[in-house]
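The file input.pdb comes next; it holds PDB, C-alpha atoms.
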```
MODEL        1
ATOM      1  CA  GLU S 253     181.896  80.189 -72.612
ATOM      2  CA  LYS S 254     184.198  83.067 -71.583
ATOM      3  CA  LYS S 255     183.963  81.989 -67.921
ATOM      4  CA  VAL S 256     185.201  78.501 -68.809
ATOM      5  CA  GLU S 257     188.031  79.920 -70.918
ATOM      6  CA  GLY S 258     189.036  82.309 -68.110
ATOM      7  CA  PHE S 259     188.983  79.516 -65.535
ATOM      8  CA  VAL S 260     191.092  77.169 -67.649
ATOM      9  CA  LYS S 261     193.641  79.855 -68.525
ATOM     10  CA  SER S 262     194.027  80.944 -64.900
ATOM     11  CA  ARG S 263     194.059  77.444 -63.437
ATOM     12  CA  TYR S 264     196.089  75.711 -66.176
ATOM     13  CA  PRO S 265     198.310  78.316 -67.858
ATOM     14  CA  THR S 266     199.550  76.104 -70.649
ATOM     15  CA  PRO S 267     200.080  76.844 -74.334
ATOM     16  CA  ASN S 268     198.334  73.543 -75.166
ATOM     17  CA  ALA S 269     194.832  74.822 -74.395
ATOM     18  CA  ALA S 270     192.870  75.854 -77.477
ATOM     19  CA  PHE S 271     189.514  77.624 -77.366
ATOM     20  CA  LEU S 272     187.429  77.374 -80.480
ATOM     21  CA  PRO S 273     184.434  79.419 -81.552
ATOM     22  CA  ASP S 274     180.998  77.830 -81.407
ATOM     23  CA  LEU S 275     179.201  76.722 -84.512
ATOM     24  CA  PRO S 276     176.021  78.791 -84.265
ATOM     25  CA  ASP S 277     172.525  77.354 -84.605
ATOM     26  CA  GLN S 278     173.527  73.714 -84.942
ATOM     27  CA  PRO S 279     172.515  70.595 -83.003
ATOM     28  CA  LEU S 280     174.786  69.595 -80.130
ATOM     29  CA  GLU S 281     176.290  66.722 -82.138
ATOM     30  CA  ALA S 282     177.690  69.276 -84.574
ATOM     31  CA  TYR S 283     179.943  70.844 -81.974
ATOM     32  CA  TYR S 284     181.883  67.603 -81.572
ATOM     33  CA  ILE S 285     182.829  66.985 -85.208
ATOM     34  CA  TYR S 286     183.285  70.704 -85.880
ATOM     35  CA  SER S 287     185.535  71.102 -82.814
ATOM     36  CA  MET S 288     187.700  68.201 -83.944
ATOM     37  CA  TRP S 289     188.031  69.791 -87.366
ATOM     38  CA  ALA S 290     188.849  73.232 -85.934
ATOM     39  CA  ALA S 291     191.400  71.780 -83.497
ATOM     40  CA  GLN S 292     193.072  69.318 -85.852
ATOM     41  CA  LYS S 293     196.459  71.050 -85.790
ATOM     42  CA  TYR S 294     196.553  70.389 -82.037
ATOM     43  CA  LEU S 295     195.408  66.779 -82.340
ATOM     44  CA  GLN S 296     197.727  65.268 -84.940
ATOM     45  CA  GLY S 297     201.282  64.031 -84.936
ATOM     46  CA  ASP S 298     201.405  61.471 -82.144
ATOM     47  CA  ASP S 299     199.556  58.505 -80.674
ATOM     48  CA  PHE S 300     197.052  59.618 -78.070
ATOM     49  CA  LEU S 301     193.961  58.921 -76.022
ATOM     50  CA  TYR S 302     190.760  60.634 -77.088
ATOM     51  CA  LEU S 303     187.590  60.698 -75.024
ATOM     52  CA  HIS S 304     184.305  62.515 -74.820
ATOM     53  CA  GLY S 305     184.210  65.081 -72.026
ATOM     54  CA  ASP S 306     181.164  63.619 -70.278
ATOM     55  CA  LEU S 307     182.651  60.285 -69.216
ATOM     56  CA  PHE S 308     182.846  58.814 -65.759
ATOM     57  CA  HIS S 309     185.145  55.800 -65.675
ATOM     58  CA  HIS S 310     187.450  53.690 -63.562
ATOM     59  CA  PRO S 311     191.140  54.660 -63.952
ATOM     60  CA  LYS S 312     191.937  51.055 -64.944
ATOM     61  CA  LEU S 313     190.192  51.684 -68.262
ATOM     62  CA  ALA S 314     192.678  54.396 -69.231
ATOM     63  CA  LYS S 315     195.518  52.056 -68.265
ATOM     64  CA  LYS S 316     194.058  49.312 -70.473
ATOM     65  CA  LEU S 317     194.076  51.650 -73.467
ATOM     66  CA  ILE S 318     197.550  53.009 -72.757
ATOM     67  CA  LYS S 319     198.985  49.488 -72.602
ATOM     68  CA  PHE S 320     197.091  48.326 -75.694
ATOM     69  CA  PRO S 321     199.552  48.253 -78.637
ATOM     70  CA  HIS S 322     197.029  49.185 -81.373
ATOM     71  CA  SER S 323     194.253  51.688 -81.994
ATOM     72  CA  GLY S 324     191.306  50.661 -79.857
ATOM     73  CA  ALA S 325     188.046  51.614 -78.207
ATOM     74  CA  LEU S 326     186.574  50.476 -74.913
ATOM     75  CA  VAL S 327     183.745  47.996 -75.489
ATOM     76  CA  HIS S 328     181.605  46.210 -72.913
ATOM     77  CA  LYS S 329     181.020  42.661 -74.082
ATOM     78  CA  ASN S 330     177.864  41.929 -72.108
ATOM     79  CA  PHE S 331     175.881  45.164 -72.325
ATOM     80  CA  VAL S 332     174.197  47.081 -75.153
ATOM     81  CA  SER S 333     173.088  50.662 -74.573
ATOM     82  CA  GLN S 334     169.694  51.823 -75.735
ATOM     83  CA  LYS S 335     170.750  55.506 -75.912
ATOM     84  CA  ASP S 336     174.539  55.803 -75.951
ATOM     85  CA  PHE S 337     177.229  54.527 -78.310
ATOM     86  CA  ASN S 338     177.525  50.878 -79.235
ATOM     87  CA  ALA S 339     180.184  49.197 -81.354
ATOM     88  CA  GLN S 340     179.728  46.441 -83.900
ATOM     89  CA  VAL S 341     182.654  44.037 -83.864
ATOM     90  CA  GLU S 342     183.386  41.717 -86.791
ATOM     91  CA  ASN S 343     186.429  39.466 -87.099
ATOM     92  CA  GLY S 344     188.063  41.085 -84.079
ATOM     93  CA  LEU S 345     187.772  44.685 -85.372
ATOM     94  CA  ILE S 346     185.287  47.494 -84.771
ATOM     95  CA  LYS S 347     183.332  48.117 -87.959
ATOM     96  CA  LYS S 348     180.785  50.658 -86.758
ATOM     97  CA  ILE S 349     180.150  52.923 -83.757
ATOM     98  CA  GLY S 350     176.937  54.835 -83.142
ATOM     99  CA  VAL S 351     173.858  55.432 -81.051
ATOM    100  CA  LYS S 352     171.727  53.306 -83.384
ATOM    101  CA  VAL S 353     174.033  50.311 -83.704
ATOM    102  CA  PHE S 354     172.385  47.063 -82.609
ATOM    103  CA  GLY S 355     172.470  43.381 -83.539
ATOM    104  CA  GLU S 356     175.009  40.592 -83.721
ATOM    105  CA  GLY S 357     178.455  41.321 -82.282
ATOM    106  CA  VAL S 358     177.392  44.620 -80.688
ATOM    107  CA  GLY S 359     178.403  45.939 -77.281
ATOM    108  CA  PHE S 360     178.317  49.238 -75.432
ATOM    109  CA  CYS S 361     181.171  51.456 -76.606
ATOM    110  CA  LEU S 362     182.476  53.932 -74.096
ATOM    111  CA  PRO S 363     183.642  56.826 -76.311
ATOM    112  CA  PHE S 364     187.192  56.542 -75.030
ATOM    113  CA  TYR S 365     189.687  55.726 -77.758
ATOM    114  CA  LYS S 366     193.384  55.200 -78.297
ATOM    115  CA  PHE S 367     194.582  56.119 -81.766
ATOM    116  CA  LEU S 368     197.939  55.474 -83.335
ATOM    117  CA  LYS S 369     198.877  58.631 -85.207
ATOM    118  CA  ASP S 370     198.445  57.167 -88.702
ATOM    119  CA  ASP S 371     194.982  55.833 -87.884
ATOM    120  CA  PHE S 372     193.946  59.171 -86.416
ATOM    121  CA  ALA S 373     195.189  60.969 -89.534
ATOM    122  CA  ILE S 374     192.861  58.792 -91.639
ATOM    123  CA  TRP S 375     189.910  59.685 -89.399
ATOM    124  CA  MET S 376     190.802  63.395 -89.526
ATOM    125  CA  SER S 377     190.984  63.242 -93.305
ATOM    126  CA  GLU S 378     187.420  61.914 -93.372
ATOM    127  CA  ILE S 379     186.299  64.563 -90.874
ATOM    128  CA  ASN S 380     187.711  67.171 -93.264
ATOM    129  CA  ARG S 381     185.587  65.691 -96.058
ATOM    130  CA  PHE S 382     182.497  65.814 -93.831
ATOM    131  CA  ILE S 383     183.105  69.486 -92.940
ATOM    132  CA  GLU S 384     183.763  70.419 -96.580
ATOM    133  CA  ALA S 385     180.421  68.812 -97.452
ATOM    134  CA  ARG S 386     178.823  70.730 -94.513
ATOM    135  CA  ARG S 387     177.975  67.417 -92.815
ATOM    136  CA  TRP S 388     178.460  68.616 -89.258
ATOM    137  CA  ASP S 389     175.038  67.616 -87.976
ATOM    138  CA  CYS S 390     176.373  64.271 -86.781
ATOM    139  CA  TYR S 391     178.831  62.710 -84.390
ATOM    140  CA  ALA S 392     182.436  62.380 -85.525
ATOM    141  CA  GLU S 393     181.987  58.610 -85.266
ATOM    142  CA  GLU S 394     179.938  58.837 -88.467
ATOM    143  CA  ALA S 395     183.125  59.899 -90.248
ATOM    144  CA  LEU S 396     185.054  57.149 -88.461
ATOM    145  CA  ASN S 397     182.536  54.581 -89.706
ATOM    146  CA  GLN S 398     183.401  55.581 -93.272
ATOM    147  CA  VAL S 399     187.055  54.605 -92.815
ATOM    148  CA  THR S 400     186.944  51.495 -90.622
ATOM    149  CA  ASN S 401     188.048  49.524 -93.680
ATOM    150  CA  ARG S 402     191.366  51.465 -93.473
ATOM    151  CA  VAL S 403     191.650  52.037 -89.711
ATOM    152  CA  LYS S 404     192.235  48.931 -87.651
ATOM    153  CA  LEU S 405     190.267  49.799 -84.520
ATOM    154  CA  TYR S 406     190.245  46.960 -82.028
ATOM    155  CA  PRO S 407     187.788  46.455 -79.182
ATOM    156  CA  VAL S 408     189.434  46.727 -75.782
ATOM    157  CA  TYR S 409     186.948  44.818 -73.690
ATOM    158  CA  PHE S 410     185.933  45.652 -70.158
ATOM    159  CA  GLU S 411     183.386  44.044 -67.865
ATOM    160  CA  GLN S 412     184.071  44.706 -64.190
ATOM    161  CA  GLU S 413     185.268  48.314 -64.355
ATOM    162  CA  TYR S 414     182.689  51.052 -64.455
ATOM    163  CA  GLY S 415     182.371  53.366 -67.391
ATOM    164  CA  MET S 416     179.451  55.550 -68.428
ATOM    165  CA  GLU S 417     178.457  58.822 -70.002
ATOM    166  CA  ILE S 418     177.026  61.377 -67.594
ATOM    167  CA  ASP S 419     175.071  63.450 -70.071
ATOM    168  CA  ASP S 420     171.686  63.220 -68.396
ATOM    169  CA  PHE S 421     170.213  62.981 -64.914
ATOM    170  CA  LYS S 422     169.550  59.228 -65.119
TER     171      LYS S 422
ENDMDL
END
```

Could you quickly redo this structure as structure tokens?
Amino acid sequence: EKKVEGFVKSRYPTPNAAFLPDLPDQPLEAYYIYSMWAAQKYLQGDDFLYLHGDLFHHPKLAKKLIKFPHSGALVHKNFVSQKDFNAQVENGLIKKIGVKVFGEGVGFCLPFYKFLKDDFAIWMSEINRFIEARRWDCYAEEALNQVTNRVKLYPVYFEQEYGMEIDDFK
């Protein structure tokens, strides 16, 4: 932890880097939602791209999101993951994202998002409610799923470009 912080500070001496304390004795999923909560003052106030740190993807995917005029997530139309995130799309909008999302209108969701600032503020508000209720044993997408009726999150489809999580040896 301190080695990573030292490396980042020496290599990228910027005031925009924030290092947050770990949440002790919690499952790995907890670090994600807790980190978002702890870093919220650095994350709000503008439209931005948000992605999980273990992604390997073609640069064209970032360009697709940047050009997309709304809040969106990268969704593969013709593939469903058995272990990673999937998104359920209904009436042109993402209604649910998770590792146990299957069925009609579902495709692999690369956890790479573009959020307009107002949509992100809604998600952060729900994350705050989760943390206050000590519900940090889940992915932050669980909080997002609670507000998809208020956040218009569109699928940004990809098929040819590569995109995957690299969180295991397979």

Selected by the PyMOL selection byres ((chain S and resi 336) around 8) in the shown coordinates: which residues, as an mmCIF file with C-alpha atoms, in the frame of the given file?
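Just written: result07.cif:
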```cif
data_model
loop_
_atom_site.group_PDB
_atom_site.id
_atom_site.type_symbol
_atom_site.label_atom_id
_atom_site.label_comp_id
_atom_site.auth_asym_id
_atom_site.auth_seq_id
_atom_site.Cartn_x
_atom_site.Cartn_y
_atom_site.Cartn_z
ATOM 1 C CA SER S 333 173.088 50.662 -74.573
ATOM 2 C CA GLN S 334 169.694 51.823 -75.735
ATOM 3 C CA LYS S 335 170.750 55.506 -75.912
ATOM 4 C CA PHE S 337 177.229 54.527 -78.310
ATOM 5 C CA ASN S 338 177.525 50.878 -79.235
ATOM 6 C CA GLY S 350 176.937 54.835 -83.142
ATOM 7 C CA VAL S 351 173.858 55.432 -81.051
ATOM 8 C CA PHE S 360 178.317 49.238 -75.432
ATOM 9 C CA CYS S 361 181.171 51.456 -76.606
ATOM 10 C CA GLU S 417 178.457 58.822 -70.002
#
```

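Nearest to Ala291 of chain S of all the residues S:Phe271, S:Glu257, S:Ile318, S:Phe410 is S:Phe271, based on all atoms listed in the file.
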
Tell me, in Å to one decimal, how far atom CA of Tyr302 of chain S is from atom CA of Tyr365 of chain S.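 Separating atom CA of Tyr302 of chain S from atom CA of Tyr365 of chain S is a distance of 5.1 Å.
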
Output the residue selection produced by the PyMOL selection byres ((chain S and resi 414) around 12) on the file above, formatted as a PDB file with C-alpha atoms, in the coordinates of the input.
```pdb
ATOM      1  CA  LEU S 307     182.651  60.285 -69.216  1.00  0.00           C
ATOM      2  CA  PHE S 308     182.846  58.814 -65.759  1.00  0.00           C
ATOM      3  CA  HIS S 309     185.145  55.800 -65.675  1.00  0.00           C
ATOM      4  CA  HIS S 310     187.450  53.690 -63.562  1.00  0.00           C
ATOM      5  CA  PRO S 311     191.140  54.660 -63.952  1.00  0.00           C
ATOM      6  CA  LYS S 312     191.937  51.055 -64.944  1.00  0.00           C
ATOM      7  CA  LEU S 313     190.192  51.684 -68.262  1.00  0.00           C
ATOM      8  CA  ALA S 314     192.678  54.396 -69.231  1.00  0.00           C
ATOM      9  CA  LEU S 326     186.574  50.476 -74.913  1.00  0.00           C
ATOM     10  CA  VAL S 327     183.745  47.996 -75.489  1.00  0.00           C
ATOM     11  CA  HIS S 328     181.605  46.210 -72.913  1.00  0.00           C
ATOM     12  CA  PHE S 331     175.881  45.164 -72.325  1.00  0.00           C
ATOM     13  CA  PHE S 360     178.317  49.238 -75.432  1.00  0.00           C
ATOM     14  CA  LEU S 362     182.476  53.932 -74.096  1.00  0.00           C
ATOM     15  CA  TYR S 409     186.948  44.818 -73.690  1.00  0.00           C
ATOM     16  CA  PHE S 410     185.933  45.652 -70.158  1.00  0.00           C
ATOM     17  CA  GLU S 411     183.386  44.044 -67.865  1.00  0.00           C
ATOM     18  CA  GLN S 412     184.071  44.706 -64.190  1.00  0.00           C
ATOM     19  CA  GLU S 413     185.268  48.314 -64.355  1.00  0.00           C
ATOM     20  CA  GLY S 415     182.371  53.366 -67.391  1.00  0.00           C
ATOM     21  CA  MET S 416     179.451  55.550 -68.428  1.00  0.00           C
ATOM     22  CA  GLU S 417     178.457  58.822 -70.002  1.00  0.00           C
TER      23      GLU S 417
END
```

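Candidate residues S:Gly258, S:Gly297, S:Pro265, S:Gly305 were compared for distance to Asp370 of chain S, and the nearest is S:Gly297, using only C-alpha atoms.
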
I need the residue set behind the PyMOL selection byres ((chain S and resi 339) around 6) for this file; please write it as a PyMOL selection string. chain S and resi 338+340+348-349+358-359+361

Point-to-point distance from atom CA of Lys261 of chain S to atom CA of Met376 of chain S, Å rounded to tenths: 26.8 Å

For Asp299 of chain S, the nearest of the candidates S:Lys329, S:Lys352, S:Arg402, S:Lys369, counting all atoms listed in the file: S:Lys369

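If all atoms listed in the file are the atoms counted, then among S:Ala395, S:Phe354, S:Leu295, S:Arg263 the closest residue to Asn380 of chain S is S:Ala395.
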
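Among the candidates S:Ser262, S:Glu384, S:Trp375, S:Ala290, the residue lying nearest to Asn401 of chain S is S:Trp375 (atoms considered: only C-alpha atoms).
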
Pairwise distance for atom CA of Asp306 of chain S and atom CA of Trp289 of chain S, rounded to one decimal in Å: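 Value for the atom CA of Asp306 of chain S-atom CA of Trp289 of chain S distance: 19.4 Å.
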
Within 7 Å of Lys347 of chain S, counting only C-alpha atoms, which residues qualify if same-chain residues fewer than 5 places away don't, as a ChimeraX atom specification? /S:340-342,397,400

Subset file as a PDB file, in the first residue's frame: segment 277-317 of chain S, N, CA and C atoms:
```pdb
ATOM      1  N   ASP S 277     -10.799  -5.888   7.225  1.00  0.00           N
ATOM      2  CA  ASP S 277     -11.576  -7.121   7.414  1.00  0.00           C
ATOM      3  C   ASP S 277     -12.898  -7.131   6.662  1.00  0.00           C
ATOM      4  N   GLN S 278     -12.860  -6.714   5.412  1.00  0.00           N
ATOM      5  CA  GLN S 278     -14.062  -6.729   4.579  1.00  0.00           C
ATOM      6  C   GLN S 278     -13.759  -7.462   3.277  1.00  0.00           C
ATOM      7  N   PRO S 279     -14.781  -7.996   2.615  1.00  0.00           N
ATOM      8  CA  PRO S 279     -14.546  -8.644   1.322  1.00  0.00           C
ATOM      9  C   PRO S 279     -14.055  -7.622   0.295  1.00  0.00           C
ATOM     10  N   LEU S 280     -13.396  -8.101  -0.739  1.00  0.00           N
ATOM     11  CA  LEU S 280     -12.819  -7.208  -1.739  1.00  0.00           C
ATOM     12  C   LEU S 280     -13.835  -6.263  -2.358  1.00  0.00           C
ATOM     13  N   GLU S 281     -15.078  -6.721  -2.550  1.00  0.00           N
ATOM     14  CA  GLU S 281     -16.105  -5.862  -3.131  1.00  0.00           C
ATOM     15  C   GLU S 281     -16.293  -4.597  -2.304  1.00  0.00           C
ATOM     16  N   ALA S 282     -16.112  -4.700  -1.009  1.00  0.00           N
ATOM     17  CA  ALA S 282     -16.342  -3.573  -0.111  1.00  0.00           C
ATOM     18  C   ALA S 282     -15.404  -2.416  -0.404  1.00  0.00           C
ATOM     19  N   TYR S 283     -14.196  -2.720  -0.814  1.00  0.00           N
ATOM     20  CA  TYR S 283     -13.227  -1.649  -1.051  1.00  0.00           C
ATOM     21  C   TYR S 283     -13.688  -0.703  -2.163  1.00  0.00           C
ATOM     22  N   TYR S 284     -14.383  -1.232  -3.130  1.00  0.00           N
ATOM     23  CA  TYR S 284     -14.843  -0.430  -4.266  1.00  0.00           C
ATOM     24  C   TYR S 284     -15.890   0.594  -3.835  1.00  0.00           C
ATOM     25  N   ILE S 285     -16.968   0.164  -3.215  1.00  0.00           N
ATOM     26  CA  ILE S 285     -18.018   1.102  -2.829  1.00  0.00           C
ATOM     27  C   ILE S 285     -17.521   2.039  -1.723  1.00  0.00           C
ATOM     28  N   TYR S 286     -16.736   1.510  -0.802  1.00  0.00           N
ATOM     29  CA  TYR S 286     -16.199   2.332   0.280  1.00  0.00           C
ATOM     30  C   TYR S 286     -15.232   3.382  -0.268  1.00  0.00           C
ATOM     31  N   SER S 287     -14.390   3.002  -1.223  1.00  0.00           N
ATOM     32  CA  SER S 287     -13.450   3.955  -1.825  1.00  0.00           C
ATOM     33  C   SER S 287     -14.181   5.069  -2.552  1.00  0.00           C
ATOM     34  N   MET S 288     -15.254   4.715  -3.257  1.00  0.00           N
ATOM     35  CA  MET S 288     -16.037   5.756  -3.933  1.00  0.00           C
ATOM     36  C   MET S 288     -16.612   6.729  -2.916  1.00  0.00           C
ATOM     37  N   TRP S 289     -17.138   6.201  -1.827  1.00  0.00           N
ATOM     38  CA  TRP S 289     -17.697   7.043  -0.781  1.00  0.00           C
ATOM     39  C   TRP S 289     -16.620   7.960  -0.186  1.00  0.00           C
ATOM     40  N   ALA S 290     -15.464   7.380   0.142  1.00  0.00           N
ATOM     41  CA  ALA S 290     -14.393   8.150   0.775  1.00  0.00           C
ATOM     42  C   ALA S 290     -13.803   9.195  -0.168  1.00  0.00           C
ATOM     43  N   ALA S 291     -13.872   8.951  -1.467  1.00  0.00           N
ATOM     44  CA  ALA S 291     -13.275   9.863  -2.446  1.00  0.00           C
ATOM     45  C   ALA S 291     -14.293  10.776  -3.113  1.00  0.00           C
ATOM     46  N   GLN S 292     -15.514  10.809  -2.626  1.00  0.00           N
ATOM     47  CA  GLN S 292     -16.568  11.513  -3.363  1.00  0.00           C
ATOM     48  C   GLN S 292     -16.273  12.982  -3.615  1.00  0.00           C
ATOM     49  N   LYS S 293     -15.567  13.655  -2.725  1.00  0.00           N
ATOM     50  CA  LYS S 293     -15.274  15.070  -2.971  1.00  0.00           C
ATOM     51  C   LYS S 293     -14.364  15.255  -4.182  1.00  0.00           C
ATOM     52  N   TYR S 294     -13.620  14.226  -4.549  1.00  0.00           N
ATOM     53  CA  TYR S 294     -12.755  14.291  -5.725  1.00  0.00           C
ATOM     54  C   TYR S 294     -13.487  13.865  -6.994  1.00  0.00           C
ATOM     55  N   LEU S 295     -14.622  13.214  -6.847  1.00  0.00           N
ATOM     56  CA  LEU S 295     -15.300  12.612  -7.991  1.00  0.00           C
ATOM     57  C   LEU S 295     -16.466  13.422  -8.532  1.00  0.00           C
ATOM     58  N   GLN S 296     -16.950  14.400  -7.785  1.00  0.00           N
ATOM     59  CA  GLN S 296     -18.158  15.103  -8.210  1.00  0.00           C
ATOM     60  C   GLN S 296     -17.852  16.458  -8.837  1.00  0.00           C
ATOM     61  N   GLY S 297     -18.821  16.955  -9.576  1.00  0.00           N
ATOM     62  CA  GLY S 297     -18.755  18.309 -10.088  1.00  0.00           C
ATOM     63  C   GLY S 297     -18.566  18.444 -11.582  1.00  0.00           C
ATOM     64  N   ASP S 298     -18.350  17.332 -12.284  1.00  0.00           N
ATOM     65  CA  ASP S 298     -18.169  17.416 -13.725  1.00  0.00           C
ATOM     66  C   ASP S 298     -18.543  16.071 -14.342  1.00  0.00           C
ATOM     67  N   ASP S 299     -18.763  16.068 -15.653  1.00  0.00           N
ATOM     68  CA  ASP S 299     -18.963  14.816 -16.368  1.00  0.00           C
ATOM     69  C   ASP S 299     -17.617  14.097 -16.403  1.00  0.00           C
ATOM     70  N   PHE S 300     -17.638  12.779 -16.349  1.00  0.00           N
ATOM     71  CA  PHE S 300     -16.359  12.076 -16.407  1.00  0.00           C
ATOM     72  C   PHE S 300     -16.525  10.609 -16.749  1.00  0.00           C
ATOM     73  N   LEU S 301     -15.411   9.994 -17.095  1.00  0.00           N
ATOM     74  CA  LEU S 301     -15.347   8.563 -17.338  1.00  0.00           C
ATOM     75  C   LEU S 301     -14.948   7.885 -16.041  1.00  0.00           C
ATOM     76  N   TYR S 302     -15.546   6.745 -15.779  1.00  0.00           N
ATOM     77  CA  TYR S 302     -15.264   5.995 -14.562  1.00  0.00           C
ATOM     78  C   TYR S 302     -15.101   4.532 -14.938  1.00  0.00           C
ATOM     79  N   LEU S 303     -13.986   3.926 -14.558  1.00  0.00           N
ATOM     80  CA  LEU S 303     -13.769   2.537 -14.904  1.00  0.00           C
ATOM     81  C   LEU S 303     -13.091   1.799 -13.769  1.00  0.00           C
ATOM     82  N   HIS S 304     -13.320   0.504 -13.741  1.00  0.00           N
ATOM     83  CA  HIS S 304     -12.635  -0.350 -12.778  1.00  0.00           C
ATOM     84  C   HIS S 304     -11.164  -0.418 -13.174  1.00  0.00           C
ATOM     85  N   GLY S 305     -10.294  -0.583 -12.211  1.00  0.00           N
ATOM     86  CA  GLY S 305      -8.860  -0.550 -12.457  1.00  0.00           C
ATOM     87  C   GLY S 305      -8.286  -1.792 -13.097  1.00  0.00           C
ATOM     88  N   ASP S 306      -9.080  -2.840 -13.257  1.00  0.00           N
ATOM     89  CA  ASP S 306      -8.555  -4.095 -13.805  1.00  0.00           C
ATOM     90  C   ASP S 306      -9.056  -4.363 -15.220  1.00  0.00           C
ATOM     91  N   LEU S 307      -9.223  -3.303 -15.998  1.00  0.00           N
ATOM     92  CA  LEU S 307      -9.736  -3.462 -17.364  1.00  0.00           C
ATOM     93  C   LEU S 307      -8.616  -3.427 -18.392  1.00  0.00           C
ATOM     94  N   PHE S 308      -8.798  -4.219 -19.408  1.00  0.00           N
ATOM     95  CA  PHE S 308      -7.949  -4.227 -20.584  1.00  0.00           C
ATOM     96  C   PHE S 308      -8.910  -3.982 -21.736  1.00  0.00           C
ATOM     97  N   HIS S 309      -8.681  -2.913 -22.498  1.00  0.00           N
ATOM     98  CA  HIS S 309      -9.653  -2.560 -23.532  1.00  0.00           C
ATOM     99  C   HIS S 309      -8.992  -1.824 -24.684  1.00  0.00           C
ATOM    100  N   HIS S 310      -9.663  -1.866 -25.813  1.00  0.00           N
ATOM    101  CA  HIS S 310      -9.210  -1.135 -26.997  1.00  0.00           C
ATOM    102  C   HIS S 310      -9.472   0.355 -26.776  1.00  0.00           C
ATOM    103  N   PRO S 311      -8.534   1.221 -27.167  1.00  0.00           N
ATOM    104  CA  PRO S 311      -8.730   2.670 -26.997  1.00  0.00           C
ATOM    105  C   PRO S 311      -9.997   3.213 -27.670  1.00  0.00           C
ATOM    106  N   LYS S 312     -10.492   2.546 -28.691  1.00  0.00           N
ATOM    107  CA  LYS S 312     -11.714   3.002 -29.363  1.00  0.00           C
ATOM    108  C   LYS S 312     -12.908   3.013 -28.404  1.00  0.00           C
ATOM    109  N   LEU S 313     -12.873   2.151 -27.399  1.00  0.00           N
ATOM    110  CA  LEU S 313     -13.994   2.098 -26.458  1.00  0.00           C
ATOM    111  C   LEU S 313     -14.074   3.378 -25.634  1.00  0.00           C
ATOM    112  N   ALA S 314     -12.943   3.889 -25.202  1.00  0.00           N
ATOM    113  CA  ALA S 314     -12.937   5.166 -24.472  1.00  0.00           C
ATOM    114  C   ALA S 314     -13.449   6.277 -25.374  1.00  0.00           C
ATOM    115  N   LYS S 315     -13.042   6.272 -26.626  1.00  0.00           N
ATOM    116  CA  LYS S 315     -13.506   7.296 -27.573  1.00  0.00           C
ATOM    117  C   LYS S 315     -15.012   7.227 -27.774  1.00  0.00           C
ATOM    118  N   LYS S 316     -15.555   6.001 -27.828  1.00  0.00           N
ATOM    119  CA  LYS S 316     -17.011   5.849 -27.969  1.00  0.00           C
ATOM    120  C   LYS S 316     -17.737   6.518 -26.805  1.00  0.00           C
ATOM    121  N   LEU S 317     -17.239   6.284 -25.588  1.00  0.00           N
ATOM    122  CA  LEU S 317     -17.887   6.880 -24.419  1.00  0.00           C
ATOM    123  C   LEU S 317     -17.729   8.391 -24.397  1.00  0.00           C
TER     124      LEU S 317
END
```
